[in-house]
There are 2 protein chains.
Amino acid sequence: MLLTIRHATTYRYTAPVQYSIQQLRMTPANGSAQMVRRWHIETVGKLDVTRDAVGDKCAVALRISMEELRGKPGRNAASEAHEVVALLADVPDLWDVKMDSSPTDCAPSRFSPEGSHEPIVNFVKQLTRRPVVGVGRFTSPDVMVSQVRRGILDLIGGARPSIADPFLPNKINEGREHEIRECIGCNICISSWHDGVPVRCTQNPTAGEEWRRDWHPERFAPPASSSAVLIVGGGPAGLECATTLARRGYAVTIADSAAEFGGRLRFETRLPGLKTWGRVVDWRMGQLRERPNVNMYPASELGVDDILGLEHPHVVIATGARWTKALFSTLEFPVGELDGPAVYTPDDLAAGVVPPGPVVVFDFDNYYMAGAVAEQLAKSAGNVTYVTTAGNASAWTFMTNELPLIHRALCKANVPIHTLHRVTAFDGDAVTIADVYSGTEKRLPCRSLVIVGMRKPRDELYEALVARGTDLKDAGILGVTRIGDAFAPGAIVHAVHSGHRYAREFETVLGQAPYTRDFPV
Amino acid sequence: MLLTIRHATTYRYTAPVQYSIQQLRMTPANGSAQMVRRWHIETVGKLDVTRDAVGDKCAVALRISMEELRGKPGRNAASEAHEVVALLADVPDLWDVKMDSSPTDCAPSRFSPEGSHEPIVNFVKQLTRRPVVGVGRFTSPDVMVSQVRRGILDLIGGARPSIADPFLPNKINEGREHEIRECIGCNICISSWHDGVPVRCTQNPTAGEEWRRDWHPERFAPPASSSAVLIVGGGPAGLECATTLARRGYAVTIADSAAEFGGRLRFETRLPGLKTWGRVVDWRMGQLRERPNVNMYPASELGVDDILGLEHPHVVIATGARWTKALFSTLEFPVGELDGPAVYTPDDLAAGVVPPGPVVVFDFDNYYMAGAVAEQLAKSAGNVTYVTTAGNASAWTFMTNELPLIHRALCKANVPIHTLHRVTAFDGDAVTIADVYSGTEKRLPCRSLVIVGMRKPRDELYEALVARGTDLKDAGILGVTRIGDAFAPGAIVHAVHSGHRYAREFETVLGQAPYTRDFPV
C-alpha cells in the first residue's frame, strides 16, 4: 500500500513560461534559502506525522512539482529543486516528481513529445536512494525503458496513456506492444476534467462509460446474428464502428471514396504538430487488417444504387461534415453565407487549394482548426492574419492545455492576432472587421479569406437513401443509421464515441434508460 | 396545473446587440414570411399535440423569446414578433414572453433597471385575449402594479427577486413591503448556473442551502443561552451576522470605525451603476434598527483593550480585506510588491485619492472592480487606460452577464483596452506592459498606476486579540472568530454567507458532516 502526500503547488491555468524575476521595483521578498528551509521543516513534519499514523503497513510518497524550483538558482546547489531534494533525500519512501502547471505537466502532443518532463526531473535520482516515479504521456515501451536505463526514473507513471488503453501494462508484459492503443495527446481527457464532467478519450470511447454503460475496453458481447453491416465512410466514426463490430464478430464492409482511410484526419494530421493524432487511424487500421471478417474498400465512392446492390441488411452512414461559409451576428443570429471566389474553408485547403496572400483566417469555431491552419499557411506562404470573436486565439483550447502554446506559435510564425473582432465585409482587397463590443470597424489587407466557423453534416447520401423507402425494403435493408459528424458535427472524440456506441449497442437489448445514473438516497 | 412549451431560441453567451443584416455579400437567405409561417405551423402542431396529451387537466403555455423577432421588420405588421403573436394569438393558454440572450433576459442591475423587457414585450397583450406573463427582475410592487395597470403584463414573473426573497409575494400580500429583501441584480445566481454549482445569492445566504444545511429563509433556531455577541466591522459579513443573530434573539453589539455602516459597499456603491447593491446594507440596517436586542456603534474604532473591556463572551471579527500591490509572473508565481508614490489600489480611491493622469488600471482580479474603477476615473478625469492579463475586460463578469456591457461602457468612456498583457515595470512616466504569450513589450504613458489584483485579510486586530490568550480568558471571552473577507477575501456573496453561517450555527449542534450530501444508491 502506498500513501502519497501531495506537495504540488496548484496554479490557476496560465501560460507556461519559465519563472523569472521581473524588472520591477520590488519590496524585498523572502529569501530563497529561508523558503527552502521552511519547506524542509514542514514537509519532514508532515511525512513523520503520516508515517506515525500508518505504521509499517504503508509506504509514504512525496509528490512534488519541480518546475518553479528548478528555475530558481540555489544557494548551495544548482537550483532550489536540488536543495529541496537533497535536504529531504531519503525521508519519503517514494519520490513522485512532476511539472508545476497543467499545460506543462499534461502537455499536449501538438507541442511536446512524450517524456518531456525529463530535463526538469532528471537530477532527482542522483540525490536519493529512494525510488522515483514520474509521468509524461509515456506510450512507447522503448521510451519508458530508456528513461529507466538512463537513471531518470525507476517507475513509469501513466495517466493519459492508461486512459487511452487501460491494458497498456498487460500488453507490454505479454509482448503485445503492437496492440497498445496509444494516447494521441489531444488532451480531451483534461478538458473533461476542466469541465467537471465524466472523462472522455479520443482513442478509448469506453473511458468514463465503464460503469454507466457497462462498456469494458476489451470485452464485447458476441454477435446476436450473422447480420452483415456496410459502413460508408472511413473516418474516425466509421473506422471505430467497423473495428468494434469486427471485434464483436460481425461481418463488416467499410468503404471510403478516398484512396486512403482516415477521413478528416488525412488532412488534419498534416497540420503543424498534429501528426500524432494519426494514431486514431493507425490503431484501427491495424485491428481491421488482421481480421478475416472485414472487407475494406478504399477509393470506392458508393451511390444509392451501389448500396442497394450490396444487400447488407444494416447500413451505417459515416460521411462526415463539411465546413460552411455561414456567418453570424454578434448575438449569433445567422446572417447568411459569405461566398465568393476568394472565400475558403478548411475543406478547400484539404483539397489542395493554396490561397494567395495576404490571407485572413477568421475563426469562430475556436477549437484547434483555425489556429493550426493560420500557422501552416504562415509557414508555407507568409502574410497571414488571424481574427477571432473570442478573447484568445483558439480559445476553446484553454480546455486542452494548448491555448498559450498556440498563441505563442502564431506569434512565432508572425501571424498578427485580432481578438474580439468579427468579419463584417470582404471586397476582394480587404476585409472589414468590427469590434464585437463597440462595433468599431477596421480594414485589413486581404486577398483570401478563410472562414473557420460552423460545420454541417455531409448527409446527402443518407437523405437520398432514406428517400428510397420501398427500394430499401426490397434490397433487404433493415436499417440506415448516421454516425459521427454525418449525424452531428463535433470533435474527433465525439465521432469515435458515436461509432463505438452504434457497434456496441448493435443487436443488443438496452434498459429503459440510456445509461445508469446516480440517484440521491 | 400549467405546462409550458419552451420555444425560446438558446444562444451561446455573446454580446447583446440588436440583430441587423450585415453589409455582406450574402447568398439569398430564407424569406422572413416563409420563416414565420413555418414557426406557426410547427408551434400550433406542438401545442395541439400537447393539449391532446394533457386533456383539460392542464393549461398549455408558450414561452417565446421576442428580441430577435421584434428586431426584424415584418411583411404585414410592425415586426416578425407581431406576426408570430398575431398568428398564434389565442392558441396558447398563456403567453410567457422573454428576451433572447442571457445578458438581456437576465440583465444585471449595473446596466439595466427593473422591468427592462417592457419595450420588447409591450405589444403582446394587444394581440391576444390570453393572459401574458413576463419577467424583468421585478422587486418593487409599484413597478409590478404599473406594468399590470398599463396593460403590459397580466402576471408578474420573478426568478431572481424570489431567490433574494422567497417570501416576496406573501410580504406584498400582507402589506409588509418594507420587509422585502430586494434582489440587487448582481447576477451571482446566474454565475452559479453558468458554473453548474448550487445557486448562491448575495442577498439571501439561505438560497441553495435549504436542503443541504436545512436553512429556512424566515425561520431560525431560538437562542440557546443569553450570550452576547460583539461584532467588530459593519460590512456585508458583519451586518448579516448581526441581523441573523438578532433575528434568533441574541443580544448583539456591532461597531464600525467608519461613520456609516456598510464596509466595502460604502465605496463600491458609488462606482458607476452599482448603487442598487446598497440594498445589501439597507435591508440589514432596517432589520437591525427595529430590534431592541441590537446596539450599533458607528464611528467606533475598537482596539484590543476596548474589546476586552466590553466583556462580550463572543467576539466576531469582520474587518474586511485590503487590496495589495502584489504582482505575479505569467505562471502566477509571486514576484513581490510594486510600490511607489504613484502606485495605488482601490483602497486609495475609496479613501479619496484622485490619481493624476494619465492613469493605467491594471486588472488581474478580473471581477467588476477594475472595470468600474477605470470607467469612473475616465468619466471624472479622463485619460485612463485599462490593462488585463485576461482575454476580456472584467473577464469573470462573463459569469454575471455583465461582460459585454462593461466592455462597451469602457469603449464609451474612451478607455483603451489592452487584453492579454501584464504590467512588468513602471518608472513614473510610463508603464511597460508585456504580451502574456509572446513577452513582447510596449510602453504606455502613465503617471498613476492602479493595481486591482490580490486582496489580503485585514486581520491585524484578530491576530493581536488571539495573542492575548490569558487576558481573553480573564475578560470572559470564550471565542474569537473571523468571518467574511477578514477570514478569506471573496465576493460580497461570500461575506454574507460567512456572516450568516456563523450566526446560524452559533450555539447549535451540527451533525458530523458540514452538510447533507447525495450518495449514489
# chains A, B, ... in the order shown; residues from 1 in each chain; ligands from 1
>>> residues_around(residues="B:Cys201", least_positions_apart="2", cutoff="7 Å", atoms="only C-alpha atoms", output="PyMOL selection string")
chain B and resi 163-164+188-189+199+203-205+207+493
>>> atom_distance(atom1="atom CA of A:Gly185", atom2="atom CA of A:Gly263")
19.3 Å
>>> residues_around(residues="A:Gly357", least_positions_apart="2", cutoff="8 Å", atoms="only C-alpha atoms", output="PyMOL selection string")
chain A and resi 355+359+381-384+446-448
>>> select_by_dssp(residues="stretch 127-220 of chain B", states="strand (DSSP E or B)", output="list in words")
Val132, Val133, Gly134, Leu155 and Ile156 of chain B
>>> residues_around(residues="stretch 88-98 of chain B", least_positions_apart="3", cutoff="6 Å", atoms="only C-alpha atoms", output="list in words")
Ala59, Val60, Ala61, Leu62, Arg63, Ile64, Ser65, Met66, Val85, Thr128, Arg130, Pro131, Val132, Val133 and Gly134 of chain B
>>> closest_residue(among="A:Ser191, A:Asn122, A:Thr424, A:Thr440", to="chain B", atoms="only C-alpha atoms")
A:Thr424
>>> atom_distance(atom1="atom CA of B:Thr244", atom2="atom CA of B:Trp323")
28.2 Å
>>> atom_distance(atom1="atom CA of A:Phe333", atom2="atom CA of A:Ala434")
15.9 Å
>>> select_by_dssp(residues="stretch 248-382 of chain B", states="helix (DSSP H, G or I)", output="PDB file with N, CA, C and O atoms, in the first residue's frame")
ATOM      1  N   ARG B 248     -32.469  35.651  15.659  1.00  0.00           N
ATOM      2  CA  ARG B 248     -32.545  34.486  16.530  1.00  0.00           C
ATOM      3  C   ARG B 248     -32.883  34.895  17.961  1.00  0.00           C
ATOM      4  O   ARG B 248     -33.364  34.063  18.739  1.00  0.00           O
ATOM      5  N   ARG B 264     -17.082  47.743   2.586  1.00  0.00           N
ATOM      6  CA  ARG B 264     -16.644  47.964   1.210  1.00  0.00           C
ATOM      7  C   ARG B 264     -17.732  48.589   0.354  1.00  0.00           C
ATOM      8  O   ARG B 264     -17.453  49.257  -0.642  1.00  0.00           O
ATOM      9  N   LEU B 265     -19.005  48.368   0.749  1.00  0.00           N
ATOM     10  CA  LEU B 265     -20.104  48.884  -0.075  1.00  0.00           C
ATOM     11  C   LEU B 265     -20.238  50.400   0.024  1.00  0.00           C
ATOM     12  O   LEU B 265     -20.848  51.029  -0.851  1.00  0.00           O
ATOM     13  N   ARG B 266     -19.662  51.017   1.077  1.00  0.00           N
ATOM     14  CA  ARG B 266     -19.700  52.487   1.148  1.00  0.00           C
ATOM     15  C   ARG B 266     -18.995  53.075  -0.072  1.00  0.00           C
ATOM     16  O   ARG B 266     -19.433  54.061  -0.642  1.00  0.00           O
ATOM     17  N   PHE B 267     -17.886  52.448  -0.477  1.00  0.00           N
ATOM     18  CA  PHE B 267     -17.173  52.895  -1.678  1.00  0.00           C
ATOM     19  C   PHE B 267     -17.794  52.309  -2.951  1.00  0.00           C
ATOM     20  O   PHE B 267     -18.049  53.012  -3.924  1.00  0.00           O
ATOM     21  N   GLU B 268     -18.062  51.014  -2.917  1.00  0.00           N
ATOM     22  CA  GLU B 268     -18.426  50.333  -4.165  1.00  0.00           C
ATOM     23  C   GLU B 268     -19.777  50.787  -4.723  1.00  0.00           C
ATOM     24  O   GLU B 268     -19.972  50.793  -5.938  1.00  0.00           O
ATOM     25  N   LYS B 275     -25.139  51.414  -7.506  1.00  0.00           N
ATOM     26  CA  LYS B 275     -25.938  51.972  -6.414  1.00  0.00           C
ATOM     27  C   LYS B 275     -26.903  50.921  -5.841  1.00  0.00           C
ATOM     28  O   LYS B 275     -27.077  50.828  -4.626  1.00  0.00           O
ATOM     29  N   THR B 276     -27.501  50.120  -6.740  1.00  0.00           N
ATOM     30  CA  THR B 276     -28.509  49.152  -6.305  1.00  0.00           C
ATOM     31  C   THR B 276     -27.944  48.148  -5.301  1.00  0.00           C
ATOM     32  O   THR B 276     -28.677  47.595  -4.490  1.00  0.00           O
ATOM     33  N   TRP B 277     -26.649  47.901  -5.383  1.00  0.00           N
ATOM     34  CA  TRP B 277     -26.034  46.945  -4.465  1.00  0.00           C
ATOM     35  C   TRP B 277     -26.127  47.410  -3.005  1.00  0.00           C
ATOM     36  O   TRP B 277     -25.953  46.613  -2.079  1.00  0.00           O
ATOM     37  N   GLY B 278     -26.414  48.711  -2.811  1.00  0.00           N
ATOM     38  CA  GLY B 278     -26.569  49.250  -1.455  1.00  0.00           C
ATOM     39  C   GLY B 278     -27.708  48.594  -0.692  1.00  0.00           C
ATOM     40  O   GLY B 278     -27.790  48.701   0.536  1.00  0.00           O
ATOM     41  N   ARG B 279     -28.599  47.877  -1.430  1.00  0.00           N
ATOM     42  CA  ARG B 279     -29.692  47.177  -0.755  1.00  0.00           C
ATOM     43  C   ARG B 279     -29.178  46.136   0.237  1.00  0.00           C
ATOM     44  O   ARG B 279     -29.895  45.769   1.168  1.00  0.00           O
ATOM     45  N   VAL B 280     -27.957  45.645   0.006  1.00  0.00           N
ATOM     46  CA  VAL B 280     -27.354  44.698   0.960  1.00  0.00           C
ATOM     47  C   VAL B 280     -27.252  45.351   2.331  1.00  0.00           C
ATOM     48  O   VAL B 280     -27.563  44.747   3.364  1.00  0.00           O
ATOM     49  N   VAL B 281     -26.833  46.620   2.337  1.00  0.00           N
ATOM     50  CA  VAL B 281     -26.700  47.364   3.590  1.00  0.00           C
ATOM     51  C   VAL B 281     -28.078  47.816   4.077  1.00  0.00           C
ATOM     52  O   VAL B 281     -28.433  47.633   5.247  1.00  0.00           O
ATOM     53  N   ASP B 282     -28.862  48.389   3.163  1.00  0.00           N
ATOM     54  CA  ASP B 282     -30.142  48.998   3.554  1.00  0.00           C
ATOM     55  C   ASP B 282     -31.060  47.998   4.253  1.00  0.00           C
ATOM     56  O   ASP B 282     -31.655  48.289   5.289  1.00  0.00           O
ATOM     57  N   TRP B 283     -31.205  46.789   3.672  1.00  0.00           N
ATOM     58  CA  TRP B 283     -32.145  45.826   4.248  1.00  0.00           C
ATOM     59  C   TRP B 283     -31.692  45.419   5.651  1.00  0.00           C
ATOM     60  O   TRP B 283     -32.492  45.342   6.582  1.00  0.00           O
ATOM     61  N   ARG B 284     -30.397  45.214   5.804  1.00  0.00           N
ATOM     62  CA  ARG B 284     -29.889  44.787   7.115  1.00  0.00           C
ATOM     63  C   ARG B 284     -29.959  45.921   8.139  1.00  0.00           C
ATOM     64  O   ARG B 284     -30.302  45.689   9.300  1.00  0.00           O
ATOM     65  N   MET B 285     -29.668  47.136   7.695  1.00  0.00           N
ATOM     66  CA  MET B 285     -29.781  48.270   8.618  1.00  0.00           C
ATOM     67  C   MET B 285     -31.234  48.426   9.077  1.00  0.00           C
ATOM     68  O   MET B 285     -31.497  48.697  10.247  1.00  0.00           O
ATOM     69  N   GLY B 286     -32.163  48.240   8.152  1.00  0.00           N
ATOM     70  CA  GLY B 286     -33.586  48.313   8.504  1.00  0.00           C
ATOM     71  C   GLY B 286     -33.941  47.258   9.539  1.00  0.00           C
ATOM     72  O   GLY B 286     -34.641  47.544  10.533  1.00  0.00           O
ATOM     73  N   GLN B 287     -33.473  46.046   9.360  1.00  0.00           N
ATOM     74  CA  GLN B 287     -33.737  44.961  10.297  1.00  0.00           C
ATOM     75  C   GLN B 287     -33.119  45.253  11.666  1.00  0.00           C
ATOM     76  O   GLN B 287     -33.740  45.015  12.703  1.00  0.00           O
ATOM     77  N   LEU B 288     -31.884  45.748  11.652  1.00  0.00           N
ATOM     78  CA  LEU B 288     -31.163  45.955  12.917  1.00  0.00           C
ATOM     79  C   LEU B 288     -31.773  47.111  13.712  1.00  0.00           C
ATOM     80  O   LEU B 288     -31.904  47.030  14.939  1.00  0.00           O
ATOM     81  N   ARG B 289     -32.146  48.182  12.999  1.00  0.00           N
ATOM     82  CA  ARG B 289     -32.630  49.390  13.685  1.00  0.00           C
ATOM     83  C   ARG B 289     -33.934  49.140  14.433  1.00  0.00           C
ATOM     84  O   ARG B 289     -34.226  49.805  15.405  1.00  0.00           O
ATOM     85  N   VAL B 304      -7.750  46.274  20.961  1.00  0.00           N
ATOM     86  CA  VAL B 304      -7.794  45.052  21.760  1.00  0.00           C
ATOM     87  C   VAL B 304      -8.331  45.340  23.167  1.00  0.00           C
ATOM     88  O   VAL B 304      -9.201  44.623  23.681  1.00  0.00           O
ATOM     89  N   ASP B 305      -7.851  46.429  23.805  1.00  0.00           N
ATOM     90  CA  ASP B 305      -8.264  46.719  25.177  1.00  0.00           C
ATOM     91  C   ASP B 305      -9.735  47.117  25.264  1.00  0.00           C
ATOM     92  O   ASP B 305     -10.437  46.779  26.208  1.00  0.00           O
ATOM     93  N   ASP B 306     -10.202  47.840  24.223  1.00  0.00           N
ATOM     94  CA  ASP B 306     -11.631  48.174  24.179  1.00  0.00           C
ATOM     95  C   ASP B 306     -12.460  46.890  24.184  1.00  0.00           C
ATOM     96  O   ASP B 306     -13.458  46.774  24.899  1.00  0.00           O
ATOM     97  N   ILE B 307     -12.032  45.930  23.349  1.00  0.00           N
ATOM     98  CA  ILE B 307     -12.800  44.681  23.220  1.00  0.00           C
ATOM     99  C   ILE B 307     -12.779  43.904  24.530  1.00  0.00           C
ATOM    100  O   ILE B 307     -13.816  43.406  24.986  1.00  0.00           O
ATOM    101  N   LEU B 308     -11.603  43.859  25.161  1.00  0.00           N
ATOM    102  CA  LEU B 308     -11.511  43.168  26.461  1.00  0.00           C
ATOM    103  C   LEU B 308     -12.439  43.829  27.465  1.00  0.00           C
ATOM    104  O   LEU B 308     -13.135  43.164  28.230  1.00  0.00           O
ATOM    105  N   GLY B 309     -12.488  45.168  27.400  1.00  0.00           N
ATOM    106  CA  GLY B 309     -13.297  45.918  28.356  1.00  0.00           C
ATOM    107  C   GLY B 309     -14.790  45.721  28.156  1.00  0.00           C
ATOM    108  O   GLY B 309     -15.572  45.854  29.105  1.00  0.00           O
ATOM    109  N   LEU B 310     -15.201  45.391  26.932  1.00  0.00           N
ATOM    110  CA  LEU B 310     -16.638  45.262  26.641  1.00  0.00           C
ATOM    111  C   LEU B 310     -17.230  43.961  27.178  1.00  0.00           C
ATOM    112  O   LEU B 310     -18.454  43.829  27.309  1.00  0.00           O
ATOM    113  N   PRO B 346      -7.565  50.083  -5.138  1.00  0.00           N
ATOM    114  CA  PRO B 346      -8.919  50.622  -4.923  1.00  0.00           C
ATOM    115  C   PRO B 346      -9.104  51.195  -3.516  1.00  0.00           C
ATOM    116  O   PRO B 346      -9.919  52.097  -3.326  1.00  0.00           O
ATOM    117  N   ASP B 347      -8.336  50.720  -2.534  1.00  0.00           N
ATOM    118  CA  ASP B 347      -8.458  51.281  -1.183  1.00  0.00           C
ATOM    119  C   ASP B 347      -8.068  52.755  -1.160  1.00  0.00           C
ATOM    120  O   ASP B 347      -8.659  53.545  -0.418  1.00  0.00           O
ATOM    121  N   ASP B 348      -7.056  53.108  -1.950  1.00  0.00           N
ATOM    122  CA  ASP B 348      -6.662  54.519  -2.017  1.00  0.00           C
ATOM    123  C   ASP B 348      -7.781  55.367  -2.625  1.00  0.00           C
ATOM    124  O   ASP B 348      -8.073  56.461  -2.155  1.00  0.00           O
ATOM    125  N   LEU B 349      -8.409  54.837  -3.664  1.00  0.00           N
ATOM    126  CA  LEU B 349      -9.514  55.574  -4.294  1.00  0.00           C
ATOM    127  C   LEU B 349     -10.669  55.704  -3.317  1.00  0.00           C
ATOM    128  O   LEU B 349     -11.311  56.754  -3.225  1.00  0.00           O
ATOM    129  N   ALA B 350     -10.931  54.631  -2.561  1.00  0.00           N
ATOM    130  CA  ALA B 350     -12.005  54.673  -1.553  1.00  0.00           C
ATOM    131  C   ALA B 350     -11.706  55.736  -0.511  1.00  0.00           C
ATOM    132  O   ALA B 350     -12.616  56.381   0.015  1.00  0.00           O
ATOM    133  N   TYR B 368     -15.589  42.753 -11.142  1.00  0.00           N
ATOM    134  CA  TYR B 368     -16.066  44.071 -11.581  1.00  0.00           C
ATOM    135  C   TYR B 368     -15.172  45.242 -11.224  1.00  0.00           C
ATOM    136  O   TYR B 368     -15.225  46.283 -11.866  1.00  0.00           O
ATOM    137  N   MET B 369     -14.346  45.119 -10.163  1.00  0.00           N
ATOM    138  CA  MET B 369     -13.710  46.300  -9.584  1.00  0.00           C
ATOM    139  C   MET B 369     -12.908  47.134 -10.573  1.00  0.00           C
ATOM    140  O   MET B 369     -13.120  48.344 -10.695  1.00  0.00           O
ATOM    141  N   ALA B 370     -11.977  46.517 -11.283  1.00  0.00           N
ATOM    142  CA  ALA B 370     -11.084  47.303 -12.144  1.00  0.00           C
ATOM    143  C   ALA B 370     -11.850  47.983 -13.275  1.00  0.00           C
ATOM    144  O   ALA B 370     -11.588  49.152 -13.596  1.00  0.00           O
ATOM    145  N   GLY B 371     -12.804  47.266 -13.863  1.00  0.00           N
ATOM    146  CA  GLY B 371     -13.594  47.869 -14.935  1.00  0.00           C
ATOM    147  C   GLY B 371     -14.382  49.068 -14.426  1.00  0.00           C
ATOM    148  O   GLY B 371     -14.433  50.122 -15.076  1.00  0.00           O
ATOM    149  N   ALA B 372     -14.963  48.924 -13.234  1.00  0.00           N
ATOM    150  CA  ALA B 372     -15.765  50.011 -12.664  1.00  0.00           C
ATOM    151  C   ALA B 372     -14.894  51.202 -12.290  1.00  0.00           C
ATOM    152  O   ALA B 372     -15.247  52.360 -12.535  1.00  0.00           O
ATOM    153  N   VAL B 373     -13.732  50.911 -11.720  1.00  0.00           N
ATOM    154  CA  VAL B 373     -12.798  51.977 -11.340  1.00  0.00           C
ATOM    155  C   VAL B 373     -12.317  52.725 -12.588  1.00  0.00           C
ATOM    156  O   VAL B 373     -12.278  53.959 -12.618  1.00  0.00           O
ATOM    157  N   ALA B 374     -11.970  51.975 -13.640  1.00  0.00           N
ATOM    158  CA  ALA B 374     -11.493  52.612 -14.874  1.00  0.00           C
ATOM    159  C   ALA B 374     -12.579  53.484 -15.473  1.00  0.00           C
ATOM    160  O   ALA B 374     -12.317  54.617 -15.908  1.00  0.00           O
ATOM    161  N   GLU B 375     -13.812  52.981 -15.471  1.00  0.00           N
ATOM    162  CA  GLU B 375     -14.914  53.756 -16.029  1.00  0.00           C
ATOM    163  C   GLU B 375     -15.110  55.045 -15.235  1.00  0.00           C
ATOM    164  O   GLU B 375     -15.271  56.131 -15.796  1.00  0.00           O
ATOM    165  N   GLN B 376     -15.067  54.929 -13.907  1.00  0.00           N
ATOM    166  CA  GLN B 376     -15.290  56.107 -13.074  1.00  0.00           C
ATOM    167  C   GLN B 376     -14.179  57.143 -13.241  1.00  0.00           C
ATOM    168  O   GLN B 376     -14.446  58.336 -13.398  1.00  0.00           O
ATOM    169  N   LEU B 377     -12.935  56.685 -13.203  1.00  0.00           N
ATOM    170  CA  LEU B 377     -11.818  57.624 -13.359  1.00  0.00           C
ATOM    171  C   LEU B 377     -11.870  58.294 -14.731  1.00  0.00           C
ATOM    172  O   LEU B 377     -11.588  59.493 -14.855  1.00  0.00           O
ATOM    173  N   ALA B 378     -12.255  57.527 -15.752  1.00  0.00           N
ATOM    174  CA  ALA B 378     -12.334  58.100 -17.100  1.00  0.00           C
ATOM    175  C   ALA B 378     -13.413  59.169 -17.170  1.00  0.00           C
ATOM    176  O   ALA B 378     -13.243  60.210 -17.805  1.00  0.00           O
ATOM    177  N   LYS B 379     -14.535  58.905 -16.490  1.00  0.00           N
ATOM    178  CA  LYS B 379     -15.639  59.871 -16.526  1.00  0.00           C
ATOM    179  C   LYS B 379     -15.289  61.141 -15.748  1.00  0.00           C
ATOM    180  O   LYS B 379     -15.684  62.238 -16.129  1.00  0.00           O
ATOM    181  N   SER B 380     -14.553  60.974 -14.627  1.00  0.00           N
ATOM    182  CA  SER B 380     -14.273  62.140 -13.788  1.00  0.00           C
ATOM    183  C   SER B 380     -13.065  62.923 -14.291  1.00  0.00           C
ATOM    184  O   SER B 380     -13.052  64.138 -14.258  1.00  0.00           O
TER     185      SER B 380
END
>>> residues_around(residues="A:Ser109", least_positions_apart="6", cutoff="12 Å", atoms="only C-alpha atoms", output="ChimeraX atom specification")
/A:103,115-116,136-139,160,182-188,269,272-279,400-402,405
>>> closest_residue(among="A:Trp193, A:Tyr437, A:Phe364, A:Trp211", to="chain B", atoms="only C-alpha atoms")
A:Tyr437
>>> closest_residue(among="B:Val343, B:Val229, B:Val353, B:Ala409", to="B:Ala425", atoms="only C-alpha atoms")
B:Val343
>>> closest_residue(among="B:Ala342, B:Cys58, B:Ala318, B:Ala251", to="B:Phe487", atoms="only C-alpha atoms")
B:Ala318
